[in-house]
$ cat query.txt   # compact mmCIF, C-alpha atoms
# COMPACT_ATOMS: atom_id res chain seq x y z
CA MET A 25 2.52 -1.26 -16.07
CA LYS A 26 3.62 1.49 -18.40
CA ASN A 27 0.05 1.52 -19.62
CA ARG A 28 -2.29 2.98 -17.02
CA LYS A 29 -5.29 0.98 -18.22
CA VAL A 30 -4.85 -1.74 -15.61
CA ALA A 31 -4.21 0.84 -12.88
CA ARG A 32 -7.37 2.67 -13.89
CA ARG A 33 -9.40 -0.55 -13.78
CA TYR A 34 -8.25 -1.26 -10.21
CA ASN A 35 -8.67 2.37 -9.18
CA GLN A 36 -12.12 2.83 -10.68
CA ALA A 37 -13.36 -0.13 -8.62
CA LEU A 38 -11.66 1.23 -5.49
CA TYR A 39 -13.03 4.72 -6.14
CA ASP A 40 -16.58 3.40 -6.54
CA ILE A 41 -16.31 1.56 -3.22
CA ALA A 42 -14.73 4.62 -1.59
CA LEU A 43 -17.66 6.79 -2.70
CA GLU A 44 -20.18 4.26 -1.38
CA THR A 45 -18.44 4.05 2.00
CA GLY A 46 -17.41 7.71 2.23
CA ALA A 47 -13.74 6.74 2.43
CA ALA A 48 -12.35 8.62 -0.59
CA ASP A 49 -10.53 11.25 1.49
CA ARG A 50 -9.03 8.62 3.77
CA ILE A 51 -7.79 6.56 0.82
CA LEU A 52 -6.38 9.72 -0.75
CA THR A 53 -4.41 10.38 2.44
CA ASP A 54 -3.34 6.73 2.64
CA PHE A 55 -2.08 6.73 -0.96
CA THR A 56 -0.16 9.94 -0.39
CA ASP A 57 1.49 8.35 2.66
CA ILE A 58 2.25 5.18 0.69
CA GLN A 59 3.88 7.22 -2.07
CA ARG A 60 6.02 9.06 0.50
CA THR A 61 7.02 5.78 2.15
CA ILE A 62 8.10 4.22 -1.15
CA ALA A 63 9.87 7.39 -2.31
CA GLY A 64 11.70 7.58 1.03
CA SER A 65 13.05 4.04 0.90
CA LYS A 66 15.02 2.87 -2.10
CA GLU A 67 15.19 -0.60 -0.51
CA LEU A 68 11.40 -0.81 -0.33
CA ALA A 69 11.03 0.44 -3.92
CA ASN A 70 13.54 -2.17 -5.11
CA PHE A 71 11.86 -4.90 -3.04
CA LEU A 72 8.45 -4.15 -4.55
CA ALA A 73 9.85 -3.93 -8.08
CA THR A 74 11.90 -7.13 -8.13
CA PRO A 75 10.31 -10.12 -9.85
CA LEU A 76 12.58 -12.46 -7.85
CA ILE A 77 10.38 -12.16 -4.77
CA GLY A 78 6.95 -13.74 -4.98
CA PRO A 79 3.58 -12.12 -4.28
CA ALA A 80 3.14 -13.99 -0.97
CA LYS A 81 6.31 -12.51 0.55
CA LYS A 82 5.48 -9.04 -0.78
CA THR A 83 1.97 -9.30 0.68
CA GLU A 84 3.45 -10.28 4.04
CA VAL A 85 5.77 -7.25 4.02
CA ILE A 86 2.99 -4.89 2.95
CA LYS A 87 0.80 -6.08 5.81
CA ALA A 88 3.63 -5.71 8.32
CA LEU A 89 4.55 -2.28 7.02
CA PHE A 90 1.12 -0.67 6.68
CA LYS A 91 -1.25 -2.49 9.08
CA GLY A 92 -2.66 0.00 11.57
CA LYS A 93 -1.23 2.95 9.63
CA ILE A 94 -3.73 2.99 6.77
CA SER A 95 -7.43 2.15 6.55
CA GLU A 96 -8.53 -1.46 6.28
CA LEU A 97 -10.02 -0.78 2.84
CA THR A 98 -6.69 0.57 1.57
CA LEU A 99 -4.79 -2.33 3.13
CA ASP A 100 -7.19 -4.85 1.57
CA PHE A 101 -6.67 -3.13 -1.77
CA LEU A 102 -2.87 -3.33 -1.42
CA VAL A 103 -3.12 -7.03 -0.54
CA LEU A 104 -5.29 -7.66 -3.61
CA VAL A 105 -2.83 -5.78 -5.84
CA SER A 106 0.05 -7.76 -4.33
CA GLU A 107 -1.68 -11.12 -4.70
CA LYS A 108 -2.39 -10.32 -8.36
CA GLY A 109 1.33 -9.68 -8.90
CA ARG A 110 0.88 -5.96 -9.55
CA VAL A 111 2.60 -4.54 -6.47
CA SER A 112 5.61 -3.54 -8.57
CA ASP A 113 3.21 -1.03 -10.15
CA LEU A 114 2.11 0.42 -6.82
CA VAL A 115 3.51 3.89 -7.49
CA THR A 116 1.68 4.04 -10.84
CA ILE A 117 -1.50 2.78 -9.20
CA THR A 118 -1.38 5.36 -6.41
CA GLU A 119 -0.60 8.19 -8.86
CA ASP A 120 -3.48 7.11 -11.06
CA PHE A 121 -5.87 7.02 -8.09
CA LEU A 122 -4.86 10.55 -7.11
CA ASP A 123 -5.39 11.66 -10.72
CA LEU A 124 -8.80 9.97 -10.81
CA VAL A 125 -10.01 11.59 -7.58
CA ASN A 126 -8.69 15.01 -8.58
CA LYS A 127 -10.32 14.75 -12.00
CA GLU A 128 -13.65 13.75 -10.45
CA ARG A 129 -13.41 16.71 -8.07
CA GLY A 130 -12.30 19.19 -10.74
CA VAL A 131 -8.88 19.70 -9.17
CA VAL A 132 -5.72 20.08 -11.22
CA ILE A 133 -2.21 19.28 -10.00
CA ALA A 134 0.43 21.97 -10.18
CA LYS A 135 4.09 21.10 -9.85
CA VAL A 136 5.67 24.24 -8.43
CA ARG A 137 9.42 24.77 -8.30
CA THR A 138 10.68 27.57 -6.08
CA ALA A 139 14.10 29.07 -5.45
CA VAL A 140 13.87 28.44 -1.71
CA GLU A 141 11.61 26.55 0.65
CA VAL A 142 8.34 28.47 1.00
CA THR A 143 6.19 28.86 4.08
CA ASP A 144 2.67 27.46 4.35
CA LYS A 145 1.28 30.99 3.97
CA GLU A 146 3.31 31.50 0.77
CA ARG A 147 2.17 28.11 -0.53
CA ASP A 148 -1.43 29.08 0.11
CA THR A 149 -0.94 32.41 -1.71
CA ILE A 150 0.70 30.73 -4.71
CA SER A 151 -2.02 28.06 -4.86
CA LYS A 152 -4.78 30.69 -4.76
CA LYS A 153 -3.13 32.73 -7.52
CA LEU A 154 -2.70 29.63 -9.66
CA SER A 155 -6.35 28.67 -9.05
CA LYS A 156 -7.47 32.12 -10.12
CA TYR A 157 -5.24 32.05 -13.21
CA ILE A 158 -6.22 28.51 -14.27
CA GLY A 159 -9.89 28.83 -13.33
CA LYS A 160 -9.92 25.54 -11.39
CA ASP A 161 -9.02 24.34 -7.93
CA VAL A 162 -5.30 23.65 -7.73
CA SER A 163 -3.49 21.11 -5.60
CA ALA A 164 0.16 22.11 -5.64
CA VAL A 165 3.20 19.92 -5.11
CA TYR A 166 6.24 22.00 -4.18
CA SER A 167 9.93 21.40 -4.72
CA VAL A 168 13.03 23.54 -4.35
CA ASP A 169 15.10 24.21 -7.45
CA PRO A 170 18.26 26.20 -6.66
CA THR A 171 18.71 27.09 -10.34
CA ILE A 172 15.74 29.45 -10.02
CA ARG A 173 17.06 32.77 -8.75
CA GLY A 174 13.78 33.86 -7.27
CA GLY A 175 10.05 33.44 -7.75
CA PHE A 176 8.55 30.18 -8.98
CA ILE A 177 7.83 28.09 -12.05
CA ALA A 178 4.61 26.08 -12.10
CA LYS A 179 3.62 23.27 -14.44
CA VAL A 180 -0.10 22.59 -14.67
CA GLY A 181 -0.89 19.90 -17.20
CA ASP A 182 0.84 21.03 -20.37
CA ARG A 183 0.96 24.68 -19.26
CA ILE A 184 4.03 26.32 -17.75
CA ILE A 185 3.64 29.47 -15.70
CA ASP A 186 7.02 31.13 -15.30
CA ALA A 187 6.95 33.69 -12.51
CA SER A 188 10.67 33.52 -11.87
CA ILE A 189 12.90 36.56 -11.46
CA GLN A 190 14.92 35.41 -14.46
CA ARG A 191 11.82 35.42 -16.69
CA GLN A 192 10.73 38.82 -15.41
CA LEU A 193 14.18 40.20 -16.26
CA GLU A 194 13.96 38.66 -19.75
CA LEU A 195 10.58 40.32 -20.31
CA LEU A 196 11.95 43.65 -19.08
CA ARG A 197 14.95 43.29 -21.39
CA GLU A 198 12.60 42.63 -24.33
CA ARG A 199 10.51 45.70 -23.49
CA PHE A 200 13.64 47.86 -23.37
CA ALA A 201 14.82 46.44 -26.71
CA GLU A 202 11.46 47.29 -28.27
CA GLY A 203 11.55 50.75 -26.77
CA SER A 204 8.20 50.14 -25.08
CA PHE A 205 9.07 50.55 -21.44
CA ASN A 206 6.14 52.83 -20.65
CA ASN A 207 3.13 51.24 -19.00
$ encode --input "query.txt" --output "structure tokens"
Amino acid sequence: MKNRKVARRYNQALYDIALETGAADRILTDFTDIQRTIAGSKELANFLATPLIGPAKKTEVIKALFKGKISELTLDFLVLVSEKGRVSDLVTITEDFLDLVNKERGVVIAKVRTAVEVTDKERDTISKKLSKYIGKDVSAVYSVDPTIRGGFIAKVGDRIIDASIQRQLELLRERFAEGSFNN
């Protein structure tokens, strides 16, 4: 499902039900956990993606894997997706649901790369600064990129915010070259 239209159709229906039942936050948490589970197991990702295994077997595995760990509504949704032969698109579907909920709530996703692992306090500080800069609530996803010497680089939509040490040094170098190193 390279095209997200089908994912959006499924997710819009799920989102409407989630709003009616007050389960949107729970489903959001469930989908985040599902994404982590799939990302953490190449075997599971391959199993879900292969067309050689039928929907019935995939449904059976999904039930065994997630029953009792996610809400019944989310599990029923996964079973429906599996029975319709769309479980190979589960990652796309979960990503689209997260996008839908964040859009409805006015939250933007920031992909933040840092030189080293940052503490929760540092994450909170970075997220608040990004929110202030962007003018919207920011939900940040962090990753470590050892090529960054210090600081961070954030991607929010099509915007890149480069607060790395390397970029700061480049800016300083440019100011010296221009002869404008006074404040």
$ closest_atom_pairs --input "query.txt" --of "range 54-127 of chain A" --to "range 148-163 of chain A" --cutoff "12 Å" --atoms "all atoms listed in the file" --output "JSON lines"
{"residue": "A:Leu122", "atom": "CA", "partner": "A:Ser163", "partner_atom": "CA", "distance": 10.8}
{"residue": "A:Asp123", "atom": "CA", "partner": "A:Ser163", "partner_atom": "CA", "distance": 10.9}
{"residue": "A:Val125", "atom": "CA", "partner": "A:Ser163", "partner_atom": "CA", "distance": 11.7}
{"residue": "A:Asn126", "atom": "CA", "partner": "A:Ser163", "partner_atom": "CA", "distance": 8.6}
{"residue": "A:Lys127", "atom": "CA", "partner": "A:Asp161", "partner_atom": "CA", "distance": 10.5}
$ atom_distance --input "query.txt" --atom1 "CA of Thr138 in chain A" --atom2 "CA of Leu195 in chain A"
19.1 Å
$ atom_distance --input "query.txt" --atom1 "CA of Asn70 in chain A" --atom2 "CA of Arg110 in chain A"
13.9 Å
$ closest_residue --input "query.txt" --among "A:Arg33, A:Arg183, A:Lys82, A:Arg147" --to "Gly109 in chain A" --atoms "all atoms listed in the file"
A:Lys82
$ axis_aligned_box --input "query.txt" --around "range 141-145 of chain A" --padding-each-side "3 Å" --output "lines of an AutoDock Vina configuration file"
center_x = 6.4
center_y = 28.8
center_z = 2.5
size_x = 16.3
size_y = 10.4
size_z = 9.7
$ atom_distance --input "query.txt" --atom1 "CA of Thr171 in chain A" --atom2 "CA of Asp57 in chain A"
28.6 Å
$ closest_atom_pairs --input "query.txt" --of "range 57-153 of chain A" --to "range 37-51 of chain A" --cutoff "8 Å" --atoms "all atoms listed in the file" --output "CSV"
residue,atom,partner,partner_atom,distance
A:Ser95,CA,A:Arg50,CA,7.2
A:Leu97,CA,A:Ile51,CA,7.9
A:Thr98,CA,A:Ile51,CA,6.1
A:Phe101,CA,A:Leu38,CA,7.6
A:Phe121,CA,A:Tyr39,CA,7.8
A:Val125,CA,A:Tyr39,CA,7.6
$ closest_residue --input "query.txt" --among "A:Ile94, A:Leu52, A:Leu89, A:Ala31" --to "Val111 in chain A" --atoms "only C-alpha atoms"
A:Ala31
$ closest_residue --input "query.txt" --among "A:Val30, A:Ala73, A:Val85, A:Leu102" --to "Ile58 in chain A" --atoms "only C-alpha atoms"
A:Leu102
$ residues_near_point --input "query.txt" --point "(14.4, 23.0, -6.8)" --cutoff "9 Å" --atoms "all atoms listed in the file" --output "number ranges by chain"
A: 136-141, 166-172
$ decode --input "query.txt" --residues "range 102-142 of chain A" --atoms "N, CA and C atoms" --output "compact mmCIF listing (two decimals), in the first residue's frame"
# COMPACT_ATOMS: atom_id res chain seq x y z
N LEU A 102 -7.00 -4.88 14.07
CA LEU A 102 -5.91 -5.66 13.47
C LEU A 102 -6.45 -6.92 12.80
N VAL A 103 -7.40 -7.57 13.43
CA VAL A 103 -8.01 -8.78 12.86
C VAL A 103 -8.72 -8.43 11.56
N LEU A 104 -9.47 -7.33 11.55
CA LEU A 104 -10.16 -6.90 10.33
C LEU A 104 -9.15 -6.62 9.21
N VAL A 105 -8.09 -5.90 9.54
CA VAL A 105 -7.05 -5.59 8.54
C VAL A 105 -6.43 -6.88 8.01
N SER A 106 -6.18 -7.82 8.90
CA SER A 106 -5.59 -9.10 8.50
C SER A 106 -6.54 -9.89 7.61
N GLU A 107 -7.79 -9.97 8.01
CA GLU A 107 -8.78 -10.73 7.22
C GLU A 107 -8.99 -10.13 5.84
N LYS A 108 -8.79 -8.83 5.72
CA LYS A 108 -8.93 -8.16 4.42
C LYS A 108 -7.64 -8.24 3.59
N GLY A 109 -6.64 -8.94 4.12
CA GLY A 109 -5.39 -9.13 3.38
C GLY A 109 -4.51 -7.90 3.35
N ARG A 110 -4.66 -7.02 4.32
CA ARG A 110 -3.89 -5.77 4.35
C ARG A 110 -2.85 -5.74 5.47
N VAL A 111 -2.64 -6.84 6.15
CA VAL A 111 -1.74 -6.84 7.30
C VAL A 111 -0.29 -6.57 6.88
N SER A 112 0.05 -6.83 5.62
CA SER A 112 1.41 -6.51 5.16
C SER A 112 1.63 -5.00 5.16
N ASP A 113 0.55 -4.24 5.22
CA ASP A 113 0.63 -2.78 5.25
C ASP A 113 0.45 -2.21 6.65
N LEU A 114 0.63 -3.05 7.66
CA LEU A 114 0.36 -2.64 9.03
C LEU A 114 1.21 -1.46 9.48
N VAL A 115 2.47 -1.44 9.09
CA VAL A 115 3.33 -0.32 9.49
C VAL A 115 2.80 0.98 8.88
N THR A 116 2.43 0.94 7.60
CA THR A 116 1.88 2.13 6.94
C THR A 116 0.58 2.55 7.61
N ILE A 117 -0.24 1.58 7.95
CA ILE A 117 -1.53 1.88 8.59
C ILE A 117 -1.31 2.53 9.96
N THR A 118 -0.40 1.98 10.75
CA THR A 118 -0.16 2.57 12.08
C THR A 118 0.45 3.97 11.96
N GLU A 119 1.38 4.15 11.02
CA GLU A 119 1.98 5.48 10.82
C GLU A 119 0.91 6.48 10.41
N ASP A 120 0.03 6.07 9.52
CA ASP A 120 -1.02 6.96 9.05
C ASP A 120 -1.98 7.32 10.18
N PHE A 121 -2.29 6.35 11.05
CA PHE A 121 -3.17 6.65 12.18
C PHE A 121 -2.52 7.68 13.10
N LEU A 122 -1.24 7.51 13.38
CA LEU A 122 -0.53 8.46 14.23
C LEU A 122 -0.54 9.85 13.58
N ASP A 123 -0.33 9.90 12.27
CA ASP A 123 -0.37 11.17 11.54
C ASP A 123 -1.76 11.80 11.64
N LEU A 124 -2.78 10.99 11.47
CA LEU A 124 -4.17 11.48 11.53
C LEU A 124 -4.47 12.08 12.90
N VAL A 125 -4.15 11.35 13.96
CA VAL A 125 -4.43 11.83 15.31
C VAL A 125 -3.65 13.11 15.59
N ASN A 126 -2.37 13.12 15.24
CA ASN A 126 -1.55 14.30 15.48
C ASN A 126 -2.08 15.51 14.70
N LYS A 127 -2.50 15.29 13.47
CA LYS A 127 -3.05 16.38 12.66
C LYS A 127 -4.32 16.92 13.30
N GLU A 128 -5.19 16.02 13.73
CA GLU A 128 -6.44 16.45 14.38
C GLU A 128 -6.18 17.23 15.66
N ARG A 129 -5.10 16.89 16.34
CA ARG A 129 -4.77 17.55 17.61
C ARG A 129 -3.84 18.74 17.44
N GLY A 130 -3.42 19.01 16.21
CA GLY A 130 -2.52 20.14 15.95
C GLY A 130 -1.09 19.89 16.40
N VAL A 131 -0.69 18.64 16.41
CA VAL A 131 0.66 18.26 16.83
C VAL A 131 1.47 17.90 15.59
N VAL A 132 2.71 18.39 15.55
CA VAL A 132 3.61 18.02 14.45
C VAL A 132 4.69 17.08 14.99
N ILE A 133 5.17 16.21 14.12
CA ILE A 133 6.21 15.26 14.49
C ILE A 133 7.56 15.84 14.12
N ALA A 134 8.47 15.78 15.06
CA ALA A 134 9.85 16.20 14.81
C ALA A 134 10.75 14.98 14.94
N LYS A 135 11.57 14.77 13.92
CA LYS A 135 12.57 13.70 13.98
C LYS A 135 13.88 14.36 14.36
N VAL A 136 14.32 14.08 15.58
CA VAL A 136 15.49 14.76 16.14
C VAL A 136 16.66 13.79 16.22
N ARG A 137 17.76 14.18 15.59
CA ARG A 137 19.00 13.39 15.66
C ARG A 137 19.97 14.13 16.58
N THR A 138 20.52 13.40 17.53
CA THR A 138 21.47 13.98 18.47
C THR A 138 22.79 13.23 18.40
N ALA A 139 23.84 13.89 18.90
CA ALA A 139 25.17 13.28 18.88
C ALA A 139 25.26 12.12 19.87
N VAL A 140 24.59 12.27 20.99
CA VAL A 140 24.60 11.24 22.04
C VAL A 140 23.18 11.06 22.54
N GLU A 141 22.97 9.99 23.29
CA GLU A 141 21.66 9.77 23.90
C GLU A 141 21.37 10.92 24.86
N VAL A 142 20.16 11.47 24.80
CA VAL A 142 19.81 12.59 25.66
C VAL A 142 18.87 12.13 26.77
